[in-house]
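Asker: Provided herewith: structure-v1.csv, CSV, C-alpha atoms.
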```csv
chain,number,residue,atom,x,y,z
K,605,SER,CA,126.5,131.5,42.8
K,606,GLN,CA,129.4,130.7,45.1
K,607,THR,CA,133.0,130.6,43.7
K,608,ILE,CA,136.3,130.0,45.2
K,609,HIS,CA,139.6,131.5,44.0
K,610,GLN,CA,143.0,130.2,44.8
K,611,TRP,CA,146.3,131.5,43.7
K,612,PRO,CA,148.9,131.1,42.4
K,613,ALA,CA,148.2,128.0,40.3
K,614,THR,CA,151.9,126.9,40.4
K,615,LEU,CA,154.8,128.0,42.5
K,616,VAL,CA,158.5,127.0,42.6
K,617,GLN,CA,160.3,128.1,45.7
K,618,PRO,CA,163.7,127.5,47.2
K,619,VAL,CA,164.2,125.8,50.5
K,620,GLY,CA,164.1,128.3,53.3
K,621,SER,CA,162.0,130.8,51.5
K,622,PRO,CA,158.7,132.1,52.8
K,623,LEU,CA,155.3,131.0,51.5
K,624,SER,CA,151.9,132.7,51.2
K,625,LEU,CA,149.0,131.1,49.5
K,626,GLU,CA,145.7,132.9,49.3
K,627,CYS,CA,142.1,131.6,49.0
K,628,THR,CA,139.0,133.7,48.8
K,629,VAL,CA,135.3,132.7,48.5
K,630,GLU,CA,132.6,134.7,47.0
K,631,GLY,CA,128.8,134.4,47.2
K,632,THR,CA,128.5,133.0,50.7
K,633,SER,CA,128.8,134.3,54.2
K,634,ASN,CA,130.6,132.7,57.2
K,635,PRO,CA,131.8,129.7,55.3
K,636,ASN,CA,133.9,126.9,56.9
K,637,LEU,CA,137.3,127.1,55.3
K,638,TYR,CA,139.9,124.3,54.9
K,639,TRP,CA,143.5,123.8,53.7
K,640,TYR,CA,144.4,120.4,52.4
K,641,ARG,CA,147.7,119.1,51.0
K,642,GLN,CA,147.9,116.2,48.5
K,643,ALA,CA,151.3,114.6,47.9
K,644,ALA,CA,151.8,113.1,44.5
K,645,GLY,CA,149.6,110.1,44.0
K,646,ARG,CA,148.4,110.3,47.6
K,647,GLY,CA,145.2,111.2,49.5
K,648,LEU,CA,144.0,114.4,51.0
K,649,GLN,CA,145.7,115.5,54.2
K,650,LEU,CA,143.7,118.1,56.2
K,651,LEU,CA,146.1,120.9,57.4
K,652,PHE,CA,143.9,123.6,58.9
K,653,TYR,CA,140.2,124.5,59.1
K,654,SER,CA,138.4,127.5,60.3
K,655,VAL,CA,134.8,128.1,61.3
K,656,GLY,CA,135.1,131.9,61.6
K,657,ILE,CA,137.3,134.9,61.5
K,658,GLY,CA,140.4,134.4,63.6
K,659,GLN,CA,139.4,130.8,64.5
K,660,ILE,CA,142.0,128.3,63.2
K,661,SER,CA,142.4,124.7,64.1
K,662,SER,CA,145.5,122.8,63.1
K,663,GLU,CA,145.3,119.1,62.3
K,664,VAL,CA,149.0,118.2,62.0
K,665,PRO,CA,152.2,119.7,63.4
K,666,GLN,CA,154.3,121.3,60.7
K,667,ASN,CA,156.1,124.5,59.8
K,668,LEU,CA,152.9,125.9,58.2
K,669,SER,CA,150.4,128.3,59.6
K,670,ALA,CA,147.0,129.6,58.5
K,671,SER,CA,145.2,132.8,59.1
K,672,ARG,CA,141.7,134.1,58.4
K,673,PRO,CA,141.8,137.9,58.4
K,674,GLN,CA,138.4,138.3,56.8
K,675,ASP,CA,135.3,136.2,56.6
K,676,ARG,CA,135.9,134.8,53.2
K,677,GLN,CA,139.7,134.9,53.1
K,678,PHE,CA,142.0,132.1,54.1
K,679,ILE,CA,145.8,132.3,53.9
K,680,LEU,CA,148.4,129.5,54.2
K,681,SER,CA,151.9,130.6,55.2
K,682,SER,CA,155.3,129.4,56.1
K,683,LYS,CA,158.3,131.3,57.3
K,684,LYS,CA,160.8,128.8,55.9
K,685,LEU,CA,159.9,126.1,53.4
K,686,LEU,CA,161.2,122.6,53.6
K,687,LEU,CA,161.6,120.1,50.7
K,688,SER,CA,158.8,118.0,52.3
K,689,ASP,CA,156.4,120.9,51.9
K,690,SER,CA,156.2,120.2,48.1
K,691,GLY,CA,152.7,119.1,47.1
K,692,PHE,CA,149.3,120.1,45.8
K,693,TYR,CA,147.6,122.6,48.2
K,694,LEU,CA,143.8,122.8,48.0
K,695,CYS,CA,141.6,125.3,49.7
K,696,ALA,CA,137.9,124.3,50.2
K,697,TRP,CA,134.8,125.8,51.7
K,698,SER,CA,131.5,124.4,53.1
K,699,VAL,CA,128.5,125.9,54.8
K,700,GLY,CA,126.7,125.1,58.0
K,701,GLN,CA,127.6,123.1,61.0
K,702,GLY,CA,127.6,119.4,61.5
K,703,GLY,CA,129.5,118.4,58.4
K,704,ASN,CA,126.4,117.7,56.4
K,705,SER,CA,127.3,119.9,53.5
K,706,PRO,CA,129.8,119.1,50.8
K,707,LEU,CA,133.3,120.6,50.4
K,708,HIS,CA,133.9,122.8,47.4
K,709,PHE,CA,137.5,122.9,46.4
K,710,GLY,CA,139.5,125.5,44.6
K,711,ASN,CA,141.7,124.7,41.6
K,712,GLY,CA,144.7,124.2,43.9
K,713,THR,CA,148.3,125.4,44.0
K,714,ARG,CA,151.1,123.1,42.9
K,715,LEU,CA,154.1,123.9,45.1
K,716,THR,CA,157.6,122.6,44.3
K,717,VAL,CA,160.3,123.3,46.8
K,718,THR,CA,163.7,123.1,45.3
C,366,GLY,CA,140.9,108.7,65.8
C,367,GLN,CA,138.5,107.8,63.0
C,368,GLN,CA,140.0,106.0,60.0
C,369,VAL,CA,138.6,105.6,56.6
C,370,MET,CA,140.2,102.9,54.4
C,371,GLN,CA,139.6,102.8,50.7
C,372,ILE,CA,140.4,100.0,48.3
C,373,PRO,CA,141.8,99.3,45.9
C,374,GLN,CA,144.4,102.0,45.5
C,375,TYR,CA,144.5,101.6,41.7
C,376,GLN,CA,142.3,99.8,39.2
C,377,HIS,CA,143.0,99.3,35.6
C,378,VAL,CA,140.0,98.3,33.4
C,379,GLN,CA,139.2,98.0,29.7
C,380,GLU,CA,136.7,100.4,28.5
C,381,GLY,CA,133.3,98.9,28.9
C,382,GLU,CA,134.1,96.9,32.0
C,383,ASP,CA,132.6,97.6,35.4
C,384,PHE,CA,134.5,99.2,38.3
C,385,THR,CA,133.9,99.3,42.1
C,386,THR,CA,135.7,101.1,44.9
C,387,TYR,CA,135.1,100.3,48.5
C,388,CYS,CA,135.3,102.4,51.6
C,389,ASN,CA,135.4,101.2,55.2
C,390,SER,CA,135.3,103.1,58.4
C,391,SER,CA,136.6,102.1,61.9
C,392,THR,CA,133.6,103.9,63.4
C,393,THR,CA,129.9,104.4,62.6
C,394,LEU,CA,129.4,107.3,60.2
C,395,SER,CA,126.8,110.0,60.2
C,396,ASN,CA,127.2,110.4,56.4
C,397,ILE,CA,129.5,109.6,53.6
C,398,GLN,CA,130.4,111.8,50.7
C,399,TRP,CA,132.0,110.8,47.4
C,400,TYR,CA,134.3,113.0,45.3
C,401,LYS,CA,136.0,112.7,41.9
C,402,GLN,CA,139.3,114.2,41.0
C,403,ARG,CA,140.3,114.3,37.3
C,404,PRO,CA,144.1,114.1,36.6
C,405,GLY,CA,145.6,117.5,37.3
C,406,GLY,CA,142.3,118.8,38.7
C,407,HIS,CA,140.7,119.3,42.1
C,408,PRO,CA,138.2,117.0,43.9
C,409,VAL,CA,134.6,117.6,42.8
C,410,PHE,CA,131.7,116.5,45.0
C,411,LEU,CA,129.5,113.7,43.5
C,412,ILE,CA,127.0,112.7,46.2
C,413,GLN,CA,126.2,112.3,49.9
C,414,LEU,CA,124.6,109.3,51.5
C,415,VAL,CA,123.0,109.6,54.9
C,416,LYS,CA,120.6,106.8,55.6
C,417,SER,CA,121.5,103.2,56.5
C,418,GLY,CA,121.3,101.0,53.4
C,419,GLU,CA,120.8,104.0,51.2
C,420,VAL,CA,121.4,103.5,47.4
C,421,LYS,CA,121.7,106.4,45.0
C,422,LYS,CA,122.3,106.4,41.3
C,423,GLN,CA,123.8,108.9,38.9
C,424,LYS,CA,123.5,107.6,35.4
C,425,ARG,CA,126.1,104.7,35.3
C,426,LEU,CA,127.3,105.4,38.9
C,427,THR,CA,125.7,103.6,41.9
C,428,PHE,CA,126.5,104.6,45.4
C,429,GLN,CA,125.7,102.4,48.4
C,430,PHE,CA,125.8,103.0,52.2
C,431,GLY,CA,126.0,99.9,54.3
C,432,GLU,CA,123.4,98.9,56.8
C,433,ALA,CA,125.7,99.5,59.7
C,434,LYS,CA,126.8,102.9,58.2
C,435,LYS,CA,130.5,101.8,58.4
C,436,ASN,CA,131.1,101.1,54.8
C,437,SER,CA,130.2,102.4,51.3
C,438,SER,CA,130.8,101.6,47.7
C,439,LEU,CA,130.8,103.3,44.3
C,440,HIS,CA,130.1,101.1,41.3
C,441,ILE,CA,130.5,102.3,37.7
C,442,THR,CA,128.8,100.3,35.0
C,443,ALA,CA,130.4,100.1,31.6
C,444,THR,CA,133.3,102.4,32.2
C,445,GLN,CA,134.2,105.1,29.7
C,446,THR,CA,137.4,107.0,29.2
C,447,THR,CA,135.7,110.0,30.7
C,448,ASP,CA,135.5,108.1,34.0
C,449,VAL,CA,139.3,108.3,34.5
C,450,GLY,CA,140.3,109.9,37.7
C,451,THR,CA,140.7,109.3,41.5
C,452,TYR,CA,137.5,108.6,43.5
C,453,PHE,CA,137.6,109.6,47.1
C,454,CYS,CA,135.1,108.8,49.9
C,455,ALA,CA,134.9,111.0,52.9
C,456,GLY,CA,133.2,109.9,56.1
C,457,LEU,CA,131.8,112.0,58.8
C,458,GLY,CA,132.2,110.4,62.3
C,459,GLY,CA,132.6,112.0,65.7
C,460,SER,CA,133.8,115.4,64.5
C,461,TYR,CA,132.1,117.7,61.9
C,462,ILE,CA,135.1,117.4,59.6
C,463,PRO,CA,134.9,114.6,57.1
C,464,THR,CA,137.8,112.1,57.0
C,465,PHE,CA,139.0,111.3,53.5
C,466,GLY,CA,140.0,107.9,52.3
C,467,ARG,CA,143.2,107.7,50.3
C,468,GLY,CA,141.3,107.3,47.0
C,469,THR,CA,141.1,104.8,44.2
C,470,SER,CA,142.7,105.8,40.9
C,471,LEU,CA,140.7,104.5,38.0
C,472,ILE,CA,142.6,103.9,34.7
C,473,VAL,CA,140.4,103.1,31.7
C,474,HIS,CA,142.1,101.5,28.7
C,475,PRO,CA,140.4,102.2,25.3
```
Could you show the structure in this file as structure tokens?
Answerer:
Amino acid sequence: SQTIHQWPATLVQPVGSPLSLECTVEGTSNPNLYWYRQAAGRGLQLLFYSVGIGQISSEVPQNLSASRPQDRQFILSSKKLLLSDSGFYLCAWSVGQGGNSPLHFGNGTRLTVT
Amino acid sequence: GQQVMQIPQYQHVQEGEDFTTYCNSSTTLSNIQWYKQRPGGHPVFLIQLVKSGEVKKQKRLTFQFGEAKKNSSLHITATQTTDVGTYFCAGLGGSYIPTFGRGTSLIVHP
């Protein structure tokens, strides 16, 4: 069966420090991968999505970046965190094209920038 | 771009009362998905609706897709404390990435 791993679960980082969040998927090949951010009590904001290795699409301008070095690995990074980067970061995967398959989310990383 | 509006933002109910959340899109949708996020947890897929006028049931949950495929609803009959959480709809329009509504947080008072 397919599983998704996301770590760390919680993270407290000072303003200006770098960030690296990692997400890996097991049990499926060539998944679509997504990074979402959820501010406290708010909805899901799509940050990045990827349909294949090295293929990254950005949905909103920000100081974050994403990379997909391997088929089932998706990394969210920042060189210098801002206070506004605090939030709940969720990685998700789906299969196929056309958006007809559901998204499967990881457990999320709760990031607090201080 | 495509927008998916979801109301209400919050809903308080007494245990045993019914609950409904509504989702409206600015454009015609190919499909609509529903997710539930428990407090402190991550969204979990509940169901997908594809056909115009489609109705699906999961125990006490009833999902509907409008005839024009621009709106949807989730109705819970006789809520229980285990129903607490935020319910999101996600509509698929012109792109192959679903657009999420802002969610409805359900609070059930025992």
Asker: Which value, in Å to one decimal, gives the distance between atom CA of K:Ala643 and atom CA of K:Leu694?
Answerer: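 Between these atoms lies a distance of 11.1 Å.
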Asker: To one decimal in Å, tell me the separation between atom CA of K:Arg676 and atom CA of K:Phe692.
Answerer: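 Atom CA of K:Phe692 lies 21.2 Å from atom CA of K:Arg676.
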Asker: Rounded to one decimal in Å, what is the spacing between atom CA of C:Val449 and atom CA of C:Arg403?
Answerer: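 So the answer is 6.7 Å.
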Asker: Of the candidates C:Gln445, C:Ser470, C:Thr392, C:Gln376, which shows the shortest atom-to-atom distance to chain K, using only C-alpha atoms?
Answerer: C:Ser470
Asker: Using 9 Å as the limit and counting all atoms listed in the file, can you tabulate each residue of chain K that touches chain C, with its shortest atom-to-atom distance in Å and the two atoms involved, as a tab-separated table?
Answerer:
```
residue	atom	partner	partner_atom	distance
K:Gly645	CA	C:Ser470	CA	8.7
K:Arg646	CA	C:Arg467	CA	6.4
K:Gly647	CA	C:Arg467	CA	4.1
K:Leu648	CA	C:Phe465	CA	6.4
K:Gln649	CA	C:Phe465	CA	7.9
K:Leu650	CA	C:Thr464	CA	8.5
K:Tyr653	CA	C:Ile462	CA	8.8
K:Leu694	CA	C:His407	CA	7.5
K:Gln701	CA	C:Tyr461	CA	7.1
K:Gly702	CA	C:Tyr461	CA	4.8
K:Gly703	CA	C:Tyr461	CA	4.4
K:Asn704	CA	C:Asn396	CA	7.3
K:Ser705	CA	C:Gln413	CA	8.5
K:Pro706	CA	C:Phe410	CA	6.6
K:Leu707	CA	C:Phe410	CA	7.0
K:His708	CA	C:Val409	CA	7.0
K:Phe709	CA	C:Pro408	CA	6.4
K:Gly710	CA	C:His407	CA	6.8
K:Asn711	CA	C:His407	CA	5.5
K:Gly712	CA	C:His407	CA	6.6
```
Asker: Need to verify the contact set: C:Asn436, 10 Å, only C-alpha atoms, exclusion of same-chain residues closer than 3 positions in sequence. Can you return it as a list in words?
Answerer: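 The neighbour list is Val369, Met370, Gln371, Tyr387, Cys388, Asn389, Ser390, Ser391, Thr392, Thr393, Leu394, Ile397, Ser417, Gly418, Gln429, Phe430, Gly431, Glu432, Ala433, Cys454 and Gly456 of chain C.
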Asker: So, counting all atoms listed in the file, which residue among C:Gly450, C:Gln379, C:Pro404, C:Phe384 is closest to C:Leu426?
Answerer: C:Phe384
Asker: Name all residues at most 12 Å from K:Leu615 (count all atoms listed in the file; drop same-chain ones fewer than 5 positions away) and give them as a ChimeraX atom specification.
Answerer: /K:621-625,689-693,712-718
